[in-house]
Each structure stands twice: as C-alpha cells, then as structure tokens.
4 protein chains.
Amino acid sequence: MKKSKVGIVGFRGYTGNSLLQILSHHPEVKIGYLADKEKGSYPEELLLLKEAKPIIAEEFDPGKSSQFADLFFLALPHTISMLYVNDLLKAGKKVIDLSADFRFSSVSIYEEWYKAKHKNPELLNQAAYGLPEIFRDEIKKAKLIANPGCYPTAVILGVLPLLKKGLLKNEIIVDAKSGASGAGKKLDPSLLFSAINENLKPYKVNSHQHAPEIKFILEKIAGHQIDLTFVPHLIPMNKGLLTTIYLSLNKEMKTEEILDLYQEFYSSQPFVKILPKGKFPQTREVVGTNYCSIGVTLAKNKAIIISALDNLIKGAAGQAVQNMNIMYGWDETAGLL
Amino acid sequence: MKKSKVGIVGFRGYTGNSLLQILSHHPEVKIGYLADKEKGSYPEELLLLKEAKPIIAEEFDPGKSSQFADLFFLALPHTISMLYVNDLLKAGKKVIDLSADFRFSSVSIYEEWYKAKHKNPELLNQAAYGLPEIFRDEIKKAKLIANPGCYPTAVILGVLPLLKKGLLKNEIIVDAKSGASGAGKKLDPSLLFSAINENLKPYKVNSHQHAPEIKFILEKIAGHQIDLTFVPHLIPMNKGLLTTIYLSLNKEMKTEEILDLYQEFYSSQPFVKILPKGKFPQTREVVGTNYCSIGVTLAKNKAIIISALDNLIKGAAGQAVQNMNIMYGWDETAGLL
Amino acid sequence: MKKSKVGIVGFRGYTGNSLLQILSHHPEVKIGYLADKEKGSYPEELLLLKEAKPIIAEEFDPGKSSQFADLFFLALPHTISMLYVNDLLKAGKKVIDLSADFRFSSVSIYEEWYKAKHKNPELLNQAAYGLPEIFRDEIKKAKLIANPGCYPTAVILGVLPLLKKGLLKNEIIVDAKSGASGAGKKLDPSLLFSAINENLKPYKVNSHQHAPEIKFILEKIAGHQIDLTFVPHLIPMNKGLLTTIYLSLNKEMKTEEILDLYQEFYSSQPFVKILPKGKFPQTREVVGTNYCSIGVTLAKNKAIIISALDNLIKGAAGQAVQNMNIMYGWDETAGLL
Amino acid sequence: MKKSKVGIVGFRGYTGNSLLQILSHHPEVKIGYLADKEKGSYPEELLLLKEAKPIIAEEFDPGKSSQFADLFFLALPHTISMLYVNDLLKAGKKVIDLSADFRFSSVSIYEEWYKAKHKNPELLNQAAYGLPEIFRDEIKKAKLIANPGCYPTAVILGVLPLLKKGLLKNEIIVDAKSGASGAGKKLDPSLLFSAINENLKPYKVNSHQHAPEIKFILEKIAGHQIDLTFVPHLIPMNKGLLTTIYLSLNKEMKTEEILDLYQEFYSSQPFVKILPKGKFPQTREVVGTNYCSIGVTLAKNKAIIISALDNLIKGAAGQAVQNMNIMYGWDETAGLL
C-alpha cells in the first residue's frame, strides 16, 4: 500500500513536536517534509524509520515544498499561517491549520481579537472547523481545516448535548485550567520555572482569545446569542487541561437524565468518554491520549460539567490527525490509540 | 512585661506546626504547653528560645495542662475538639478551635455534614465565628472562637461587600482551588506525591463540607437564603488557595464602582488587600503571609471576584493568632507581619 | 498465529500497571490472568481489547491460575514472591520475578539485606539475572528470571564496558537520583506530596539494598572484590532515574577512547544509547521508553559516567518484557518501541 | 539610634529581591537606595515601612547615588559589577559584591573562566572572600567583600574541618544539586517550566565556573594542589541546594570521630548545623533560613559529607547580610533569624 505524504510546518514547537510523534507511527502516512525556522538537532522520532527520510527545511516555501507532501499541517503562530494557505490550496494540497487564522467565518471577530488584517477573507467560508464530533461531514469534504483551540474543544464538547437539545439558558460560565505547555515555548518571564512552580495564577481574566471562539461556535450551533464568562488559570504542571462549566437549565432535570443524554449523544464518537454518575475526570487520565473525558452532576437547576483532555493531543495535534483521517476516509482512530 | 502563656494541642500537623512557627516569634506570648499524639523530634522553633521551654505532652489532658496556659489553640480533627472545649472553658481558659466543631450555631447542619452527634450543643451560641473582618466585636468578648475554614475565609471575604450592600442575586458560584497541604497529613493513596504531581483533580464536587459553612455564614449576614454552587480542585503545589467567584448583580454597575466599594469596605482591615483594576491575585503573592488578596472585574452584569490566601495562615493558623490578638486587645497584627 | 498467554501478579502497583500497559499492546502475547490483593476498578487498558478478557483474581493461587498463563510476571514485594515461584516452576510455567528474591546466588547476602529466611535457596542457581546486555544467553535458557533493580540496571550498564576491559580501579562511587514512583505506592508520610514536592532528600545513605546487588553482579563479572559507595536521592518528579558514576581508571585515556569503547561494546544492544562527546542524558529523554542512555567524560584520570532510564520501564517492567522476548525467541524489541 | 543606610544595585533579580526582603526587616539598617535596569512595580516590602522611602533608580550612577547609602550590595551579573566597584570605594563606600568579579586573587583564573578582561586587578587583593566561617577577621577589616558562590559555600563548609586537620587525600568529588532559582531570571529555553518540571538534568559537567572557585579557596587553605571533580544537576524545585561530597581520608577514622571534629570546629558558628549520626540534611529544612546544615558518614575509608543550604540566602543574600553585620561589628545574626 502506498502511504500518503504529509508535511509539518513548525515541527519544533510543542504542537509540531506532538504531530511528529503521532505521525511517525501512523499506519497510513509517511512524513515527507518538515520545516522550522528554529535550528535544532535531528528529530529522534525519525532515526528509527526504515523508509526514506523527510526533507527538513529552515525556510518554508509552499512552492518548493509542495512536491514532498499532499497534506500540510501548519503548526505556526496566529497571523503567520494565513501567509501560506492560499498558495498551498492552489497547488492542490490539503491544509490543516492549527492556528486561529481560519476558525472564524467572521473577519471582524478575527481582526478584533488577533489584531491583524486577514489576508484571505475569501477562504474563511471554505474552511471547516475541525471538531469532528459536530462537523464531521464538512471535514470530509474540506480542503482546509481550521483545527480548534484547546479550551474550545473541551468547552464545546462539554456543552454540546444540552445546547443541541435546547435545554440551556443563555448563560455559560467556564472556569478553565491548563498546564504550562498550553502557552507554547515563548521566552517570557512569566513562563520560567520559578514563575509557575508552586503558584496558581488566573490570566487573561475574561479576555482570553478562546472566549470569542467558543462563543462563535456555540452561537452558530444554537442559532442565538450566548453570554459566556471565561476565566482561565495556569496550573503548575506540564500537560493537561480541565474546564469546569456551570450551566443554567431551562427545565428541571435529574443527573441521570443528563448522563443518559450525554451517553447517547456521544455513543458513536470514538474519542469522547462520559464518566458514570459521581465520577469526574482528572487530567492524568487523559494526558497522552486523544480522549476528551466528561463528568456531569446537578446542583439544583444548575448543571456542573467537567471536561478534561490533553491540550497538545485532543486539544491540538491529535485532533488534527483525527481530522486528517476523516478527510482521507481512513479509520478515524488510525495512529491515535 | 509578663507574656501570656498559650498552648497548642495537635502541634505536629500542618496547622499546628504553622501555629508553632508564628507563636514562637509573637511579641506578647510564650508557648507554655504543646501536645500531640504523634511522636516526633523536638521542635526546631523552640531550640533557640531563651525563655523557659514548654511542657510537651503526648496525651492532652485539659485538667493537668490548664496550669501551663491561659489560652489553648485546638488544632485537632473535627469531632475531636469538642471533647475538650467544655473542660477548658470551665477551667477559665480561652479556646480557639481550628476544627469545624463550633462553627455552626445550628446543631443539625453540623451533625448532617460531620456525621457525629454534637457533645456540647449548648456551647454553640457562645462561640464567635473567628472572621475578624465581620465579627470583630463578638470575637473581642468571646471565650471560645470557632476559627473559620480556609475556603470559607476566602469566599466570604470575596463576597461580603456586595452582599452587605444588597447588590447580589441569590446565586453564588465558587470555583475553588487549593494546594495539597489543605488536605492535612492524612495517609491516603490520593495524597501521595505520584497521585498529585502532574495532575489536576476536582474533588467533592458540590459535596465539600465547607459549602454549608459558607452558605450558613452568608445567609446569616444576608438574612435570606442563598444558592451556592461550590466545586473545589486539588492543585499540584504545597501551599496556597484561590477562589474564583461568579456573582450575579441585581443592578448594573461598573468595575470601578465595585472596586471603590471593596476598597472602602476593607479600608480599615489590616489583612485584606484589594488589587487595582485589571490585576488579580496569584497564590505566590500571599503564601507565607496573613493577607487575603482580592481582584475584581465585571463581565456584563456578572461580577468575577478572585480571592487568594495562604491556606495554613489566613486560612487557619494566622487567622487564629489574629483572633487571639483581638481577644487580648493587642495590636491585631502582632506576630503576623 | 496463536498468542502466548501471560499473567501478572500484583498488577495494581506502579510496576504491575506498567507491565499491563506494555503487555496489552504486545504483538505476541495475550494477558490471560491478573491478580492483586487490592480491589480497584476494571483496568482501562483491557476495555478496548477484542480478544477474550483475562481472569482477574484477588487471591493469587499458583495452582488454580496456572491454566490461564504460560508465563507469570510477579510484581510483588520482596519476600512475597518466593512463596509462589516453586509451585509455578513445578507446574511447568516460566516466571519473571520483579522482586529481589532471586537476584543473589548467595543466600547470606539476601538474608542479611532483606531480613528474611529464603524459602527456596535451591532455586537461586537456576535463576538468570535479567540484564540482557550481559546475561542474554542465560536468559534464553532460563525458566526463572530475577529481573534487576532499577538502580542496578543503570549503574551496571554504566560501568560494564570499562569493567570488562579491566580498565577500572576497584573503587566505584555512585551518586543516584530517582523520581518518587521508585518508592512504590506505600502509605508512608515521607511519600506524601507535601513531603516530596519542593524538597531534595538523600535517603538510605550508603545503606540502600540495591548497593549489595550492584556490588554482587559487578564482582561476579570482574572476578574480584569492588568497593562501592552508593548514595541515592529522592527527586521531586514522578518518573525517571539518573546515576552519576565516578570511576578511577588504571591507565590514562582520552574521552574519545572511552566513547569508542562504549559505542562498540553496546553497538548490537537495542536499548542502550551512547551519547556523543559533550552530551549527557536527562531523564525526560528516556521516560516512557525502554532505553538506557549514557554520557561519558573524563576529569583527569577519573571517568564520569552518567546513565539515565525510566525506573518503571528499563528499570522494571520494560526490562521484564525484554527478558520475556528473549526467553521465547521473539524479536527482542517486540512491544517495546 | 541612627540606622546605617544601604543600597541594592540590581534589586529585581532573585538575589537582589532576597536582599530587599532581608534588609527591609533588618534592625540596624535603612534601605536608602535601589537601582535596576528592569522596570517593575514598586516593591511590596517597602509599602509598609514608616521611615523615609529609598530612591529608586533605573540607571545606577555610583557618583549620584553615593549620598544615599554607606554600603552598596551589588547584585549584578559577572563582569558588570567590576565597572562600579572602584568608584564606590573611592567615594568611601563599603561594597559587598555578589558577583564573581572579586572572588579570585588570581587575575588569570578569573579571565579564563569569565571570558573577560578584569578592569581592576589591583583591587583583587583588597577584597575579602566573604565566607565568615573562615575569613571573619579579613571581613571585619575589608571595605570590599567578594560574596561567595552558592555551590562554593556548601562545598567549602562541608570539606573544611577535615581539610584543615590535614585528614584528606587530594581528591575531592562533589555531586551537586540545585533548584531552578540558582540559574537566575535569564530568558533561556532551558529555564522554561516545561523544560525543568518532571526532568532531572546534569549540566556544565565538570565545566561549571564554581569549580575553579572551590578549588582556588580550598587550595589556599590547604596550601597544596587539590583534584576536584564537580558535577552539578538541575532539580525541579524553586529553591534549595544540596551537595554530596565524597572524600578519601588519609587515615582510618570512625564516623563519631568525624562528627566530633565537625561539631567542635563549628561550635561557635551561628549558621552551621551539624546533624547527629545517621541524619542527613534535606533542602526543605534549610530553605528560608541562613543555615548550612551538614550530615556526615563513613563508607570504609571514604567520608560522605552532605551539606544543604538555601541558594538565595546562605548561598547569596543572607551570607551578604552576615558579612555586613561583621563589617559593622553588629550581632552577626541581626536580621537573619
């Protein structure tokens, strides 16, 4: 069987490195191309490969690189990805963009939050939002995937069943927590070991750029406006993300009813786990996997939903590979178990 | 000047040890008596003292020990403290109880949550709830102080100004986070290093025993019933506690107005710090101090209040010493700066 | 192809759990039997298996269980394993014992260090010491493997090439460091999160039970007595082990010569990596793998050897599986890459 | 009583901040001057001071600043301190330099290891090496103190009694471990949280700049050449430093004899603690204090000495204040207990 060739642009960051690890064991693909501006040592993951080794470039050039891969993962900073997408699509390539550049069909929300003029607003409507649990059909047909943010993945999956059934009031409160790899490899004093270890810190209180992403997707699904309060916190650990979501229901329900709803809603989804009554996820159980694990309980007419995932896998690289599997019609779990 | 003599019962636990550290440097007191069932080495803190060394007992006997101290700190497990309080009071001693045994004037709430019959329900009304920012006058006159829980201290101080002014709807959501020392020194598999490190875990979701304590005190202040949703999380760090509180206001306000209200409300309180607009506390800034630090912002008509403190100091031992200072009419900050 | 059936006795400890994870993905085996005195939830690793699920017992009975497996991994405390080995061997089973019970062909050293009378001294000579890099031939033929300790694996692999070539003076100094999982799941106050986090602690200074194991094996190889100084330290991290070894050479050498010697000595070993000049291992690079990574440099006529491995994998479960692969004549790396 | 005025140049780094904390509670001094190139918020420590607040400068100018302090602490990078020392001394000021610039009376060793031409070689002989346990008399008379490095303090104090008594062979092996604050606040990828957490890493193996400092001082004391092997390791914790020292004795001794020797040698030193037989220091016991704690045992004719201290206190700022106390003839422990 001939394997499909893929490329990773930005393979030395946390997300790119996660992609490299997953893809180097993927049964259907071969890594044909790697690029990163940062210099570094030869990736360990590739040393053991028996097949031809990928091209490794320091400067990504969509034209020159296009012969080495059919699909490109862009693990680049926001506002940089969009410089390359158009050329890749024109060259007939598939693109999975892990930045925020194509997550909003609204140019104005993007430009407000990412402080940059969008280069290719005309492509926004061609991009599928890569959350397979909702948009699998769009993903199947798309050439360009906007891979979701880590917090949005956890929150949207946590809220979705109640939202879809029309059981929610408009108000959603999300108290979010993430390990330090969520911030990437930036050289910032606030990311030094001594700044994070033995410390707990709220950040971007009600001003995190994932808030408009969550709101935008939830409103698209609900068809009406939603009030979202979103407070993220930095946790002294490397990996893992957990969101505690407080929802007001518009009718009286029992915990069992909600659990049944969630179980059924996600019954055919390979990477969403609903925990039994009285159980809630902890990050350790999902770190290293592509699962999003969800626990539910009721406090009066308020639902408490807790969802956890690995911010670099289901929150980034794993979900990107899941999207690739769908685009090619492969087993959705290929390379991810 | 003759120093007052104090005793610590349970001085080898985390809280008792914190008391020992603070009291061994306190300008007005001398430690006359220490007790703990656990054996252990001679406390380092006392080696350097020039004054007479305290009696150290393995078995606490209120009768025999009463000559060695005028005030006793009980750093004992819930349901154990109440075995001793009556005898101490009868012997004319002052008592600061760091357990939950005298925090509720309602016997039934106590018995429901602590699964034990109360030995001295008649004393419940004599006990002052030791949160000086609200009950300073009661504390001054009391012989028995029920020192508040760590979460209740952070939450009540965070909510108080808006509650007192009648600006809140009845619904309060608290997403709470604490380091591992909050759980004490129990030998439980869930408290081993490998269970907590690199993990984030919600626990006692909407069933933590501090929830009824918060609710009880807030309702007492408000004079009406309050809906409280309370979800605590265990953070992989030793010390520090932070609560993120989501409140619905019953009128439109600006962040500045709320900040002004908080500034004024706490202007004469030595251990509450209100942060300027746009700033929020992180645990590192309060660990090792008796401060509760509070940041405030608005999201539409919802207030987000973030309060942080050291769970063993303002959340336990430091607050107990603050209460002692008030009972004796000393400078409230003595030994605490 | 028919898979061989294996059993794990003590599958809920850290080592047993590591075995379970590796074996549930192993291409040649099927887990037929699991036992553990501790109750617990059904192992996640097995939920996805399509093949027949293993028997799970609370009480291990060698007689009753023998039909469910051809090889048993004993992940039991020292002095407990030896209660079962004889019965299993008599029933024609293969045994890989992860305790220390069969690591010494000398009964007296065992009894001195493990404070217990040995039940089956006659079996000591039948056991192969399961360090494939030295004893592969014995392992191939053996029915009983004494799987090495974690520190001994790192130290012996670090010292071996120089020792074998007769280049060492008799004196070996080992400064060893391990993450907390090395101590197992014991309920001991010194293993609580607050005792280990933000702390660095030497323990069992020159009195650790792995010292006689290292000494015994090295002397067996060298054919003469060796002076070993061994000081282990507990590091505030979950996994990973690193030993810094100081050796006196009996002739002048260059770093390059030593590196060449190590490269050649280990050239056919799939799980030993020699780092290039100027590079030294860090635990992060080996955690999650079955590799032992070694860096070497010279300080005058002293060699500094630094070796690192994952204490639960190459230091325990991974090495056990490597031994099984050798016993059955399978690819030595099966299930381990 | 009139307090002496001191200045801190570089008060926003880890060491400078530690100085600020200690000095703001020191009974004999008043902080008259602070400087740092980095901008930042007003130091919390000073908010509560009742006395006149210090001048805070962004650019340190020895001329303009000299009126605001009698003694200057220079908490500056190596090679920067020496730009200012001469001017300060000429202006009649005392200087405690926490960099390495004046630690070596040999210009050539300094220039070899710090890769810079020394500006004031003529001052090297006027500087006292600020380790009070050996050089108290020189410190008393000096105007310029070269405050020792953190590792040298731990190692020299650990080796000193045996060295002074002529009981050592020439060979000293030091396996050193430090928390992350030892590396300062540099923006380096290797100091990010995700690089250090859950990792153990040897660094500058036998090439750390503290090795020649240790060697230089020990040789000065011993009067003969010494072979030093020095391997430091980075530990995933904020604070604390521990060195495990392996020494060859030139005669047979018992552990008790060595302990007696150490006890007596340090009996009048306020900040060195010798632990009883069988006890060894852990970093937690010294973090936050100015103590160096030492444990000793024997392995054949080899002594194992373990010493621990807080790298920012006895290893830097605390020791600097101890030196100041000696220079002024104050109680040596003032501000340090």
# chains A, B, ... in the order shown; residues from 1 in each chain; ligands from 1

$ interface_residues --of "chain B" --to "chain A" --cutoff "8 Å" --atoms "only C-alpha atoms" --output "list in words"
Asp175, Asn197, Glu198, Asn199, Leu200, Lys201, Pro202, Asn206, Thr229, Ile235, Pro236, Met237, Asn238, Lys239, Gly240, Leu242, Thr244, Phe280, Pro281, Gln282, Thr283, Arg284 and Ala299 of chain B

$ residues_around --residues "A:Pro152" --least-positions-apart "5" --cutoff "9 Å" --atoms "only C-alpha atoms" --output "list in words"
Leu157, His210, Ala211, Glu213, Ile214, Lys215, Ile217 and Gly315 of chain A

$ atom_distance --atom1 "atom CA of C:Lys30" --atom2 "atom CA of C:Gly335"
12.0 Å

$ select_by_dssp --residues "stretch 114-260 of chain B" --states "strand (DSSP E or B)" --output "CSV table (one decimal) with N, CA and C atoms, in the first residue's frame"
chain,number,residue,atom,x,y,z
B,128,ALA,N,-17.8,32.5,69.0
B,128,ALA,CA,-17.8,33.5,67.9
B,128,ALA,C,-17.1,32.9,66.7
B,129,TYR,N,-17.7,33.2,65.5
B,129,TYR,CA,-17.1,32.7,64.3
B,129,TYR,C,-15.9,33.7,64.0
B,144,LEU,N,-14.6,31.5,73.5
B,144,LEU,CA,-14.5,30.4,72.5
B,144,LEU,C,-14.6,30.9,71.1
B,145,ILE,N,-13.6,30.7,70.3
B,145,ILE,CA,-13.6,31.1,68.9
B,145,ILE,C,-13.6,29.9,68.0
B,146,ALA,N,-14.6,29.9,67.1
B,146,ALA,CA,-14.6,28.8,66.0
B,146,ALA,C,-13.9,29.4,64.9
B,168,LEU,N,-26.4,41.7,45.4
B,168,LEU,CA,-26.3,40.3,44.8
B,168,LEU,C,-27.7,39.7,44.6
B,169,LYS,N,-27.8,39.0,43.5
B,169,LYS,CA,-28.9,38.0,43.4
B,169,LYS,C,-28.5,36.8,44.3
B,170,ASN,N,-29.4,35.9,44.5
B,170,ASN,CA,-29.2,34.8,45.5
B,170,ASN,C,-28.2,33.8,45.1
B,171,GLU,N,-27.7,33.9,43.8
B,171,GLU,CA,-26.9,32.7,43.3
B,171,GLU,C,-25.4,33.0,43.3
B,172,ILE,N,-24.7,32.1,44.0
B,172,ILE,CA,-23.2,32.3,44.1
B,172,ILE,C,-22.5,31.1,43.6
B,173,ILE,N,-21.6,31.2,42.6
B,173,ILE,CA,-20.9,30.1,42.1
B,173,ILE,C,-19.4,30.2,42.5
B,174,VAL,N,-18.9,29.2,43.1
B,174,VAL,CA,-17.5,29.3,43.6
B,174,VAL,C,-16.7,28.2,43.0
B,175,ASP,N,-15.7,28.5,42.2
B,175,ASP,CA,-14.8,27.5,41.7
B,175,ASP,C,-13.5,27.7,42.5
B,176,ALA,N,-13.2,26.7,43.3
B,176,ALA,CA,-12.1,26.8,44.3
B,176,ALA,C,-11.0,25.9,44.0
B,177,LYS,N,-9.7,26.4,44.4
B,177,LYS,CA,-8.5,25.6,44.1
B,177,LYS,C,-7.6,25.7,45.3
B,178,SER,N,-7.0,24.6,45.7
B,178,SER,CA,-6.1,24.6,46.8
B,178,SER,C,-4.9,23.7,46.6
B,192,LEU,N,-0.5,10.8,47.9
B,192,LEU,CA,0.9,10.5,47.6
B,192,LEU,C,1.4,11.4,46.5
B,201,LYS,N,-7.2,17.8,39.7
B,201,LYS,CA,-8.3,17.0,40.0
B,201,LYS,C,-9.4,17.7,40.8
B,202,PRO,N,-10.6,17.7,40.2
B,202,PRO,CA,-11.8,18.2,41.0
B,202,PRO,C,-12.1,17.2,42.1
B,227,ASP,N,-28.3,30.4,47.1
B,227,ASP,CA,-27.9,29.2,46.4
B,227,ASP,C,-26.4,29.2,46.1
B,228,LEU,N,-25.8,28.2,46.6
B,228,LEU,CA,-24.3,28.2,46.5
B,228,LEU,C,-23.9,26.9,45.7
B,229,THR,N,-23.1,27.1,44.7
B,229,THR,CA,-22.5,26.0,43.9
B,229,THR,C,-21.0,26.1,44.2
B,230,PHE,N,-20.5,25.0,44.7
B,230,PHE,CA,-19.1,25.0,45.2
B,230,PHE,C,-18.3,23.8,44.7
B,231,VAL,N,-17.3,24.0,43.8
B,231,VAL,CA,-16.5,22.9,43.2
B,231,VAL,C,-15.0,23.2,43.5
B,232,PRO,N,-14.5,22.4,44.5
B,232,PRO,CA,-13.0,22.5,44.8
B,232,PRO,C,-12.2,21.6,43.9
B,233,HIS,N,-10.9,22.1,43.7
B,233,HIS,CA,-10.0,21.4,42.8
B,233,HIS,C,-8.6,21.3,43.6
B,234,LEU,N,-8.0,20.2,43.4
B,234,LEU,CA,-6.6,20.0,44.1
B,234,LEU,C,-5.5,20.3,43.1
B,241,LEU,N,-4.2,29.0,48.2
B,241,LEU,CA,-5.6,28.7,47.9
B,241,LEU,C,-6.2,29.9,47.1
B,242,LEU,N,-7.0,29.6,46.1
B,242,LEU,CA,-7.5,30.7,45.3
B,242,LEU,C,-9.0,30.3,45.0
B,243,THR,N,-9.9,31.3,45.1
B,243,THR,CA,-11.2,31.0,44.7
B,243,THR,C,-11.7,32.0,43.7
B,244,THR,N,-12.3,31.5,42.6
B,244,THR,CA,-12.8,32.3,41.5
B,244,THR,C,-14.3,32.3,41.7
B,245,ILE,N,-14.9,33.5,42.0
B,245,ILE,CA,-16.3,33.6,42.4
B,245,ILE,C,-17.1,34.3,41.3
B,246,TYR,N,-18.2,33.7,40.9
B,246,TYR,CA,-19.0,34.3,39.9
B,246,TYR,C,-20.4,34.7,40.5
B,247,LEU,N,-20.6,36.0,40.4
B,247,LEU,CA,-21.8,36.6,41.1
B,247,LEU,C,-22.7,37.3,40.1
B,248,SER,N,-24.0,37.1,40.3
B,248,SER,CA,-25.0,37.9,39.5
B,248,SER,C,-25.4,39.2,40.3
B,249,LEU,N,-25.2,40.3,39.7
B,249,LEU,CA,-25.6,41.6,40.4
B,249,LEU,C,-27.1,41.9,40.1

$ select_by_dssp --residues "stretch 92-173 of chain A" --states "alpha helix (DSSP H)" --output "VMD selection string"
chain A and resid 107 to 114 132 to 141 150 to 164

$ residues_around --residues "C:Phe135" --least-positions-apart "3" --cutoff "12 Å" --atoms "only C-alpha atoms" --output "PyMOL selection string"
chain C and resi 127-132+138-142+145-148+157+217+220-221+323+326-327

$ closest_residue --among "D:Gln269, D:Ser181, D:Gln263, D:Gln209" --to "A:Ser194" --atoms "only C-alpha atoms"
D:Ser181

$ closest_residue --among "B:His78, B:Lys314, B:His118, B:Lys273" --to "B:Ala100" --atoms "only C-alpha atoms"
B:His78

$ residues_around --residues "A:Glu28" --least-positions-apart "5" --cutoff "12 Å" --atoms "only C-alpha atoms" --output "list in words"
Met1, Lys2, Lys3, Ser4, Lys5, Val6, Ile22, Leu23, Val321, Met324, Asn325, Tyr328, Gly329, Trp330, Asp331, Glu332, Thr333, Ala334, Gly335 and Leu336 of chain A

$ closest_residue --among "C:Val9, C:Leu312, C:Leu76, C:Leu71" --to "C:Lys94" --atoms "only C-alpha atoms"
C:Leu71

$ residues_around --residues "D:Ser106" --least-positions-apart "3" --cutoff "10 Å" --atoms "only C-alpha atoms" --output "mmCIF file with N, CA and C atoms, in the first residue's frame"
data_model
loop_
_atom_site.group_PDB
_atom_site.id
_atom_site.type_symbol
_atom_site.label_atom_id
_atom_site.label_comp_id
_atom_site.auth_asym_id
_atom_site.auth_seq_id
_atom_site.Cartn_x
_atom_site.Cartn_y
_atom_site.Cartn_z
ATOM 1 N N PHE D 102 35.354 39.644 42.132
ATOM 2 C CA PHE D 102 36.497 39.834 43.030
ATOM 3 C C PHE D 102 36.768 38.601 43.901
ATOM 4 N N ARG D 103 36.316 37.446 43.442
ATOM 5 C CA ARG D 103 36.482 36.238 44.266
ATOM 6 C C ARG D 103 37.861 35.599 44.143
ATOM 7 N N ILE D 109 42.925 33.175 36.476
ATOM 8 C CA ILE D 109 41.812 32.217 36.615
ATOM 9 C C ILE D 109 40.491 32.917 36.305
ATOM 10 N N TYR D 110 40.324 34.116 36.859
ATOM 11 C CA TYR D 110 39.100 34.866 36.572
ATOM 12 C C TYR D 110 38.908 35.044 35.073
ATOM 13 N N GLU D 111 39.944 35.512 34.419
ATOM 14 C CA GLU D 111 39.793 35.836 32.988
ATOM 15 C C GLU D 111 39.571 34.589 32.138
ATOM 16 N N PRO D 121 42.402 44.756 38.418
ATOM 17 C CA PRO D 121 43.149 43.675 39.066
ATOM 18 C C PRO D 121 43.797 44.140 40.377
ATOM 19 N N LEU D 124 41.913 43.193 43.559
ATOM 20 C CA LEU D 124 41.668 41.794 43.929
ATOM 21 C C LEU D 124 42.242 41.464 45.293
ATOM 22 N N ASN D 125 43.387 42.049 45.616
ATOM 23 C CA ASN D 125 43.993 41.716 46.904
ATOM 24 C C ASN D 125 43.365 42.443 48.084
ATOM 25 N N PHE D 216 40.171 27.002 44.128
ATOM 26 C CA PHE D 216 41.055 28.101 44.491
ATOM 27 C C PHE D 216 41.050 28.325 46.012
#

$ residues_around --residues "A:Leu74" --least-positions-apart "4" --cutoff "8 Å" --atoms "only C-alpha atoms" --output "short mmCIF file (atom, residue, chain, number, x, y, z; two decimals) with C-alpha atoms, in the first residue's frame"
data_model
loop_
_atom_site.label_atom_id
_atom_site.label_comp_id
_atom_site.auth_asym_id
_atom_site.auth_seq_id
_atom_site.Cartn_x
_atom_site.Cartn_y
_atom_site.Cartn_z
CA ILE A 8 4.64 19.65 9.17
CA VAL A 9 5.48 23.34 9.13
CA GLY A 10 6.72 24.43 12.57
CA SER A 81 -0.39 30.59 8.90
CA VAL A 95 -4.17 22.01 4.70
CA ILE A 96 -4.82 21.51 8.41
CA ASP A 97 -4.10 24.82 10.10
CA LEU A 98 -3.55 24.63 13.87
CA SER A 99 -3.58 28.42 14.30
#

$ residues_around --residues "C:Glu58" --least-positions-apart "5" --cutoff "6 Å" --atoms "only C-alpha atoms" --output "ChimeraX atom specification"
/C:35-37
